[in-house]
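Peer 1: Below is the file data20.pdb, with PDB, C-alpha atoms.
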```pdb
ATOM      1  CA  MET A 282      94.661 244.806 257.958
ATOM      2  CA  GLY A 283      97.646 244.427 255.642
ATOM      3  CA  ASP A 284      98.048 246.209 252.323
ATOM      4  CA  ALA A 285      97.021 243.104 250.381
ATOM      5  CA  ASP A 286      93.625 243.143 252.136
ATOM      6  CA  ASP A 287      92.909 246.743 251.168
ATOM      7  CA  PRO A 288      90.452 246.942 248.221
ATOM      8  CA  ARG A 289      92.636 249.685 246.704
ATOM      9  CA  PHE A 290      95.619 247.334 246.506
ATOM     10  CA  ALA A 291      96.479 246.359 242.890
ATOM     11  CA  THR A 292      97.720 242.798 243.298
ATOM     12  CA  THR A 293      98.826 242.323 239.683
ATOM     13  CA  LEU A 294     100.884 245.510 239.792
ATOM     14  CA  ALA A 295     102.484 244.423 243.066
ATOM     15  CA  ARG A 296     103.400 241.071 241.540
ATOM     16  CA  GLY A 297     104.926 242.739 238.495
ATOM     17  CA  LEU A 298     107.004 245.006 240.683
ATOM     18  CA  SER A 299     108.150 242.031 242.752
ATOM     19  CA  VAL A 300     109.546 240.538 239.533
ATOM     20  CA  LEU A 301     111.487 243.734 238.792
ATOM     21  CA  ARG A 302     112.829 243.862 242.362
ATOM     22  CA  SER A 303     114.164 240.321 242.028
ATOM     23  CA  PHE A 304     117.121 241.370 239.889
ATOM     24  CA  ARG A 305     120.559 241.864 241.431
ATOM     25  CA  THR A 306     123.595 243.567 239.955
ATOM     26  CA  THR A 307     125.454 240.242 240.051
ATOM     27  CA  ASP A 308     122.813 238.432 237.965
ATOM     28  CA  ASP A 309     123.524 237.502 234.370
ATOM     29  CA  GLY A 310     119.849 237.304 233.550
ATOM     30  CA  LEU A 311     117.127 235.283 235.253
ATOM     31  CA  SER A 312     114.828 232.600 233.896
ATOM     32  CA  ASN A 313     111.114 232.380 234.658
ATOM     33  CA  ALA A 314     111.865 229.516 237.029
ATOM     34  CA  GLU A 315     114.453 231.562 238.928
ATOM     35  CA  LEU A 316     112.101 234.548 239.099
ATOM     36  CA  ALA A 317     109.348 232.286 240.411
ATOM     37  CA  GLU A 318     111.699 231.032 243.113
ATOM     38  CA  ARG A 319     112.722 234.556 244.153
ATOM     39  CA  THR A 320     109.207 236.001 244.160
ATOM     40  CA  GLY A 321     107.339 232.982 245.507
ATOM     41  CA  LEU A 322     104.859 233.294 242.625
ATOM     42  CA  PRO A 323     103.689 230.397 240.423
ATOM     43  CA  LYS A 324     105.768 229.979 237.290
ATOM     44  CA  SER A 325     102.671 230.436 235.111
ATOM     45  CA  THR A 326     102.024 233.815 236.757
ATOM     46  CA  VAL A 327     105.659 234.844 236.331
ATOM     47  CA  SER A 328     105.526 233.886 232.642
ATOM     48  CA  ARG A 329     102.573 236.218 232.062
ATOM     49  CA  LEU A 330     104.241 239.025 233.981
ATOM     50  CA  THR A 331     107.587 238.732 232.193
ATOM     51  CA  TRP A 332     105.832 238.644 228.810
ATOM     52  CA  THR A 333     104.007 241.884 229.659
ATOM     53  CA  LEU A 334     107.090 243.557 231.143
ATOM     54  CA  ARG A 335     109.119 242.613 228.081
ATOM     55  CA  ARG A 336     106.497 244.049 225.747
ATOM     56  CA  LEU A 337     106.576 247.313 227.710
ATOM     57  CA  GLY A 338     110.369 247.510 227.659
ATOM     58  CA  TYR A 339     110.917 246.932 231.371
ATOM     59  CA  LEU A 340     112.645 243.626 230.596
ATOM     60  CA  THR A 341     114.634 242.302 227.666
ATOM     61  CA  GLN A 342     115.002 238.663 226.708
ATOM     62  CA  SER A 343     118.169 237.309 225.186
ATOM     63  CA  GLU A 344     117.871 235.067 222.143
ATOM     64  CA  ARG A 345     121.048 233.212 223.071
ATOM     65  CA  ASP A 346     119.924 231.964 226.476
ATOM     66  CA  ASP A 347     116.231 232.962 226.826
ATOM     67  CA  ARG A 348     116.951 234.782 230.108
ATOM     68  CA  PHE A 349     115.451 238.088 231.192
ATOM     69  CA  ARG A 350     117.406 241.217 232.034
ATOM     70  CA  PRO A 351     116.423 244.806 232.947
ATOM     71  CA  GLY A 352     115.243 246.640 229.851
ATOM     72  CA  PRO A 353     115.651 250.218 228.607
ATOM     73  CA  THR A 354     112.373 251.449 230.084
ATOM     74  CA  LEU A 355     113.370 250.237 233.557
ATOM     75  CA  VAL A 356     116.807 251.834 233.194
ATOM     76  CA  ALA A 357     115.192 255.133 232.180
ATOM     77  CA  VAL A 358     112.772 255.060 235.110
ATOM     78  CA  GLY A 359     115.621 254.324 237.523
ATOM     79  CA  HIS A 360     117.674 257.180 236.112
ATOM     80  CA  VAL A 361     114.785 259.628 236.514
ATOM     81  CA  ALA A 362     114.253 258.458 240.096
ATOM     82  CA  ALA A 363     117.940 258.864 240.961
ATOM     83  CA  VAL A 364     118.203 262.319 239.392
ATOM     84  CA  SER A 365     115.065 263.471 241.220
ATOM     85  CA  LEU A 366     116.770 262.917 244.589
ATOM     86  CA  SER A 367     118.461 266.243 245.243
ATOM     87  CA  PHE A 368     120.864 264.845 247.825
ATOM     88  CA  MET A 369     122.521 262.257 245.548
ATOM     89  CA  GLU A 370     124.992 264.524 243.733
ATOM     90  CA  PRO A 371     126.410 266.282 246.814
ATOM     91  CA  ALA A 372     126.330 262.946 248.671
ATOM     92  CA  HIS A 373     128.635 261.425 246.063
ATOM     93  CA  ARG A 374     131.338 264.024 246.632
ATOM     94  CA  LEU A 375     131.090 263.881 250.413
ATOM     95  CA  MET A 376     130.968 260.088 250.736
ATOM     96  CA  ALA A 377     133.736 259.426 248.213
ATOM     97  CA  ALA A 378     135.983 261.724 250.244
ATOM     98  CA  LEU A 379     134.883 260.071 253.487
ATOM     99  CA  ALA A 380     135.688 256.586 252.161
ATOM    100  CA  ASN A 381     139.214 257.692 251.291
ATOM    101  CA  GLU A 382     139.760 259.574 254.544
ATOM    102  CA  THR A 383     138.633 256.688 256.768
ATOM    103  CA  GLY A 384     139.624 253.694 254.629
ATOM    104  CA  THR A 385     136.135 252.226 255.056
ATOM    105  CA  LEU A 386     133.413 251.157 252.679
ATOM    106  CA  VAL A 387     130.603 253.734 252.655
ATOM    107  CA  VAL A 388     127.126 252.651 251.545
ATOM    108  CA  LEU A 389     123.704 254.232 251.166
ATOM    109  CA  SER A 390     120.690 252.033 251.894
ATOM    110  CA  VAL A 391     116.943 252.494 251.513
ATOM    111  CA  ARG A 392     114.065 250.296 252.597
ATOM    112  CA  ASP A 393     112.550 247.890 250.098
ATOM    113  CA  GLY A 394     109.769 245.948 251.795
ATOM    114  CA  ASP A 395     111.238 243.847 254.592
ATOM    115  CA  LYS A 396     114.858 244.566 253.607
ATOM    116  CA  LEU A 397     117.269 247.444 253.231
ATOM    117  CA  VAL A 398     118.849 247.578 249.778
ATOM    118  CA  LEU A 399     122.150 249.273 248.958
ATOM    119  CA  ILE A 400     121.707 251.833 246.178
ATOM    120  CA  ARG A 401     125.204 253.405 246.218
ATOM    121  CA  THR A 402     128.627 252.342 247.458
ATOM    122  CA  TRP A 403     131.886 254.272 247.793
ATOM    123  CA  ARG A 404     135.130 252.327 248.164
ATOM    124  CA  PRO A 405     138.431 253.805 249.330
ATOM    125  CA  THR A 406     141.131 253.962 246.683
ATOM    126  CA  ASN A 407     144.244 251.836 247.134
ATOM    127  CA  VAL A 408     142.790 250.232 250.277
ATOM    128  CA  SER A 409     141.354 246.754 250.686
ATOM    129  CA  SER A 410     137.731 247.064 251.808
ATOM    130  CA  LEU A 411     134.512 245.126 252.207
ATOM    131  CA  TRP A 412     132.854 244.018 249.002
ATOM    132  CA  LEU A 413     129.188 244.894 249.254
ATOM    133  CA  ASP A 414     127.727 246.006 245.961
ATOM    134  CA  VAL A 415     124.691 247.946 244.789
ATOM    135  CA  GLY A 416     121.618 245.765 245.092
ATOM    136  CA  TYR A 417     122.864 243.904 248.193
ATOM    137  CA  ARG A 418     119.967 243.398 250.594
ATOM    138  CA  LEU A 419     120.109 243.508 254.404
ATOM    139  CA  PRO A 420     117.441 242.244 256.816
ATOM    140  CA  LEU A 421     115.655 244.792 258.988
ATOM    141  CA  ALA A 422     117.335 243.354 262.046
ATOM    142  CA  GLY A 423     120.704 243.493 263.739
ATOM    143  CA  TYR A 424     122.705 245.306 261.067
ATOM    144  CA  SER A 425     123.998 248.808 261.684
ATOM    145  CA  SER A 426     121.986 250.286 258.798
ATOM    146  CA  ALA A 427     118.814 248.631 260.093
ATOM    147  CA  ARG A 428     119.377 249.893 263.631
ATOM    148  CA  ALA A 429     119.855 253.464 262.376
ATOM    149  CA  PHE A 430     116.784 253.206 260.150
ATOM    150  CA  VAL A 431     114.549 251.942 262.952
ATOM    151  CA  GLY A 432     116.042 254.411 265.437
ATOM    152  CA  ALA A 433     115.099 257.298 263.158
ATOM    153  CA  LEU A 434     111.426 256.293 263.009
ATOM    154  CA  SER A 435     108.768 257.954 265.123
ATOM    155  CA  PRO A 436     106.644 255.647 267.321
ATOM    156  CA  ALA A 437     103.791 255.850 264.801
ATOM    157  CA  GLU A 438     106.116 254.998 261.902
ATOM    158  CA  TYR A 439     107.614 252.131 263.873
ATOM    159  CA  ALA A 440     104.168 250.732 264.635
ATOM    160  CA  GLY A 441     103.248 251.040 260.967
ATOM    161  CA  LEU A 442     106.376 249.161 259.965
ATOM    162  CA  GLN A 443     105.524 246.375 262.388
ATOM    163  CA  ARG A 444     102.133 246.029 260.706
ATOM    164  CA  GLN A 445     103.672 245.939 257.228
ATOM    165  CA  VAL A 446     106.556 243.539 257.760
ATOM    166  CA  ASP A 447     106.123 239.857 258.500
ATOM    167  CA  PRO A 448     108.102 239.063 261.703
ATOM    168  CA  ALA A 449     109.016 235.703 260.164
ATOM    169  CA  ALA A 450     110.981 237.596 257.512
ATOM    170  CA  GLY A 451     113.591 238.700 260.061
ATOM    171  CA  PHE A 452     111.996 241.718 261.696
ATOM    172  CA  ALA A 453     111.305 239.854 264.942
ATOM    173  CA  GLN A 454     114.697 240.819 266.406
ATOM    174  CA  LEU A 455     113.643 244.479 266.314
ATOM    175  CA  ALA A 456     109.986 243.937 267.228
ATOM    176  CA  ASP A 457     110.750 245.048 270.795
ATOM    177  CA  PRO A 458     110.266 248.850 271.066
ATOM    178  CA  GLY A 459     113.206 248.838 273.449
ATOM    179  CA  GLU A 460     115.497 248.039 270.511
ATOM    180  CA  ARG A 461     114.219 251.069 268.628
ATOM    181  CA  LEU A 462     114.650 253.243 271.703
ATOM    182  CA  GLN A 463     118.211 252.053 272.263
ATOM    183  CA  ALA A 464     119.187 252.878 268.693
ATOM    184  CA  ARG A 465     117.402 256.214 268.931
ATOM    185  CA  ASN A 466     119.215 257.095 272.147
ATOM    186  CA  GLU A 467     122.532 256.429 270.404
ATOM    187  CA  LEU A 468     121.523 258.761 267.579
ATOM    188  CA  ILE A 469     120.516 261.498 270.000
ATOM    189  CA  ALA A 470     123.607 261.092 272.211
ATOM    190  CA  ARG A 471     126.326 260.981 269.556
ATOM    191  CA  GLY A 472     124.654 261.285 266.169
ATOM    192  CA  PHE A 473     125.338 257.729 264.952
ATOM    193  CA  VAL A 474     124.790 254.106 265.932
ATOM    194  CA  LEU A 475     127.791 251.860 266.505
ATOM    195  CA  THR A 476     127.330 248.152 265.781
ATOM    196  CA  PRO A 477     130.052 245.546 266.343
ATOM    197  CA  GLY A 478     130.616 242.706 263.913
ATOM    198  CA  GLY A 479     132.046 239.256 264.361
ATOM    199  CA  GLU A 480     131.212 235.578 264.438
ATOM    200  CA  ASP A 481     128.238 235.989 266.788
ATOM    201  CA  ALA A 482     126.885 239.122 265.098
ATOM    202  CA  PRO A 483     124.661 239.415 262.009
ATOM    203  CA  ALA A 484     127.520 241.061 260.096
ATOM    204  CA  SER A 485     131.203 240.193 259.996
ATOM    205  CA  TYR A 486     132.198 243.878 259.986
ATOM    206  CA  ASN A 487     132.143 246.753 262.465
ATOM    207  CA  ALA A 488     129.959 249.627 261.309
ATOM    208  CA  VAL A 489     128.601 253.058 262.130
ATOM    209  CA  SER A 490     125.434 254.464 260.575
ATOM    210  CA  VAL A 491     123.670 257.821 260.324
ATOM    211  CA  PRO A 492     120.129 258.281 258.957
ATOM    212  CA  ILE A 493     118.863 261.258 257.003
ATOM    213  CA  ARG A 494     115.346 262.199 255.905
ATOM    214  CA  PRO A 495     115.410 263.530 252.333
ATOM    215  CA  SER A 496     112.539 265.881 251.600
ATOM    216  CA  GLU A 497     111.613 263.798 248.540
ATOM    217  CA  LEU A 498     111.025 260.628 250.575
ATOM    218  CA  ASN A 499     108.652 259.824 253.428
ATOM    219  CA  GLU A 500     111.091 257.759 255.502
ATOM    220  CA  PRO A 501     114.797 257.766 256.372
ATOM    221  CA  VAL A 502     117.680 256.575 254.247
ATOM    222  CA  VAL A 503     120.917 255.505 255.905
ATOM    223  CA  PHE A 504     124.610 256.139 255.296
ATOM    224  CA  THR A 505     126.962 253.531 256.769
ATOM    225  CA  CYS A 506     130.721 253.139 257.108
ATOM    226  CA  GLY A 507     131.959 249.589 257.600
ATOM    227  CA  ALA A 508     135.208 247.647 257.859
ATOM    228  CA  LEU A 509     136.384 244.289 259.138
ATOM    229  CA  PRO A 510     137.460 244.327 262.814
ATOM    230  CA  THR A 511     141.059 243.723 261.736
ATOM    231  CA  GLU A 512     140.933 246.884 259.619
ATOM    232  CA  ALA A 513     138.987 249.199 261.940
ATOM    233  CA  SER A 514     138.481 248.630 265.653
ATOM    234  CA  LEU A 515     135.307 249.603 267.461
ATOM    235  CA  GLN A 516     137.265 252.315 269.242
ATOM    236  CA  ARG A 517     138.380 253.842 265.938
ATOM    237  CA  LEU A 518     134.846 253.698 264.569
ATOM    238  CA  GLU A 519     133.497 255.347 267.710
ATOM    239  CA  THR A 520     136.106 258.083 268.031
ATOM    240  CA  VAL A 521     137.070 258.777 264.408
ATOM    241  CA  VAL A 522     134.833 257.240 261.735
ATOM    242  CA  GLY A 523     131.470 257.809 263.421
ATOM    243  CA  PRO A 524     132.015 261.531 264.063
ATOM    244  CA  ARG A 525     133.304 262.005 260.503
ATOM    245  CA  LEU A 526     130.258 260.245 259.063
ATOM    246  CA  ARG A 527     127.968 262.351 261.223
ATOM    247  CA  ALA A 528     129.761 265.508 260.049
ATOM    248  CA  ALA A 529     129.461 264.437 256.405
ATOM    249  CA  VAL A 530     125.721 263.832 256.756
ATOM    250  CA  THR A 531     125.307 267.185 258.537
ATOM    251  CA  SER A 532     127.135 268.869 255.643
ATOM    252  CA  LEU A 533     124.812 267.075 253.240
ATOM    253  CA  GLU A 534     121.780 268.338 255.172
ATOM    254  CA  ARG A 535     123.108 271.895 254.983
ATOM    255  CA  LEU A 536     123.798 271.633 251.260
ATOM    256  CA  THR A 537     120.286 270.362 250.573
ATOM    257  CA  GLY A 538     118.460 272.581 253.073
ATOM    258  CA  GLN A 539     117.449 269.705 255.319
ATOM    259  CA  LEU A 540     119.445 270.379 258.471
ATOM    260  CA  GLY A 541     118.178 268.433 261.469
ATOM    261  CA  ASN A 542     116.386 265.712 259.525
ATOM    262  CA  GLN A 543     118.250 262.767 261.033
ATOM    263  CA  THR A 544     115.413 261.997 263.459
ATOM    264  CA  ARG A 545     111.831 263.151 263.549
ATOM    265  CA  SER A 546     110.800 263.127 267.197
ATOM    266  CA  LYS A 547     112.322 262.705 270.634
ATOM    267  CA  ALA A 548     109.989 259.876 271.600
TER     268      ALA A 548
END
```
Represent the structure from my file as structure tokens, please.
Peer 2:
Amino acid sequence: MGDADDPRFATTLARGLSVLRSFRTTDDGLSNAELAERTGLPKSTVSRLTWTLRRLGYLTQSERDDRFRPGPTLVAVGHVAAVSLSFMEPAHRLMAALANETGTLVVLSVRDGDKLVLIRTWRPTNVSSLWLDVGYRLPLAGYSSARAFVGALSPAEYAGLQRQVDPAAGFAQLADPGERLQARNELIARGFVLTPGGEDAPASYNAVSVPIRPSELNEPVVFTCGALPTEASLQRLETVVGPRLRAAVTSLERLTGQLGNQTRSKA
């Protein structure tokens, strides 16, 4: 039984939250029609939801173009959520230094439904790097961040994720437990997963990823270093960038009292 079939599930609340999750950092406001397209909800339903969310301050509506944008209440809630995560402040110092040392883009991703969403990025100074911004969403399949996330799950968590996520949404590539086990074995053997990029791969960039389990959350988040193959070879990622990312995450675990939280079980 999926969440929507549970009598405790508040469908209207879920629909309202799906509207809020539709916004991207690159958006200059969204109309009801665009929100309906992104959420898959009828436009009449979206109109009622945006009216309510605007009245509560979660959205604002511009008089000049009648488009909706995140409102002050949503900004305040997001700020409280970010501040409540104890690992964010020390992570910023460590990952900014790592980006400069390795010349790679460093990102932090968390799961949002059937996707991973980037919530922080650190770019190296004076170095050309990938351009993935906060709010960018990755499928739960194929990408380095996704492999690390799935590899860090226990068998029970993995089974629960399979029940939650529609395989048609892109999870099918990781529906085989063998994929989870392969990623997990990489994490156990060297502390990171290494994922090549290229024309035949989901991503155009080479990447290494390390998961961590913050005490405030009930599932892993993932730090990833990525660069185009012309900027960072797989060998360099395996021998230099991956170990440095693993060391940075280990330092973060020490600083936040969460040492050893990269994986939960050996199964």
Peer 1: Hey, can you check how far CA of Gly472 in chain A sits from CA of Arg418 in chain A?
Peer 2: 24.2 Å
Peer 1: Specify as a short mmCIF file (atom, residue, chain, number, x, y, z; two decimals) with C-alpha atoms, in the coordinates of the input each residue included when the PyMOL selection byres ((chain A and resi 492) around 10) is applied to this file.
Peer 2:
```
data_model
loop_
_atom_site.label_atom_id
_atom_site.label_comp_id
_atom_site.auth_asym_id
_atom_site.auth_seq_id
_atom_site.Cartn_x
_atom_site.Cartn_y
_atom_site.Cartn_z
CA LEU A 389 123.70 254.23 251.17
CA SER A 390 120.69 252.03 251.89
CA VAL A 391 116.94 252.49 251.51
CA SER A 426 121.99 250.29 258.80
CA ALA A 427 118.81 248.63 260.09
CA ARG A 428 119.38 249.89 263.63
CA ALA A 429 119.86 253.46 262.38
CA PHE A 430 116.78 253.21 260.15
CA VAL A 431 114.55 251.94 262.95
CA GLY A 432 116.04 254.41 265.44
CA ALA A 433 115.10 257.30 263.16
CA LEU A 434 111.43 256.29 263.01
CA LEU A 468 121.52 258.76 267.58
CA GLY A 472 124.65 261.29 266.17
CA PHE A 473 125.34 257.73 264.95
CA VAL A 474 124.79 254.11 265.93
CA SER A 490 125.43 254.46 260.58
CA VAL A 491 123.67 257.82 260.32
CA ILE A 493 118.86 261.26 257.00
CA ARG A 494 115.35 262.20 255.90
CA PRO A 495 115.41 263.53 252.33
CA GLU A 500 111.09 257.76 255.50
CA PRO A 501 114.80 257.77 256.37
CA VAL A 502 117.68 256.58 254.25
CA VAL A 503 120.92 255.50 255.90
CA PHE A 504 124.61 256.14 255.30
CA THR A 505 126.96 253.53 256.77
CA ARG A 527 127.97 262.35 261.22
CA VAL A 530 125.72 263.83 256.76
CA ASN A 542 116.39 265.71 259.52
CA GLN A 543 118.25 262.77 261.03
CA THR A 544 115.41 262.00 263.46
#
```
Peer 1: Select, from A:Leu413, A:Thr383, A:Asn407, A:Gly394, the residue with the minimum atom-to-atom distance to Ser514 in chain A, counting only C-alpha atoms.
Peer 2: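 The closest residue to Ser514 in chain A is A:Thr383.
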Peer 1: Work out how far CA of Ala488 in chain A is from CA of Ala362 in chain A, in Å to one decimal.
Peer 2: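 Those two atoms sit 27.8 Å apart.
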Peer 1: Between CA of Val356 in chain A and CA of Gly297 in chain A, what is the distance in Å, rounded to a tenth?
Peer 2: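 A separation of 15.9 Å between them.
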Peer 1: Once you add 5 Å to each side, what are the centre and edge lengths of the axis-aligned box holding all listed atoms of range 488-499 of chain A? One decimal in Å, as lines of an AutoDock Vina configuration file, if you can.
Peer 2:
```
center_x = 119.3
center_y = 257.8
center_z = 255.3
size_x = 31.3
size_y = 26.3
size_z = 23.6
```
Peer 1: Pull out every residue that the PyMOL selection byres ((chain A and resi 328) around 12) matches in the shown coordinates and put them as a ChimeraX atom specification.
Peer 2: /A:296-297,300,311-317,322-327,329-335,348-349
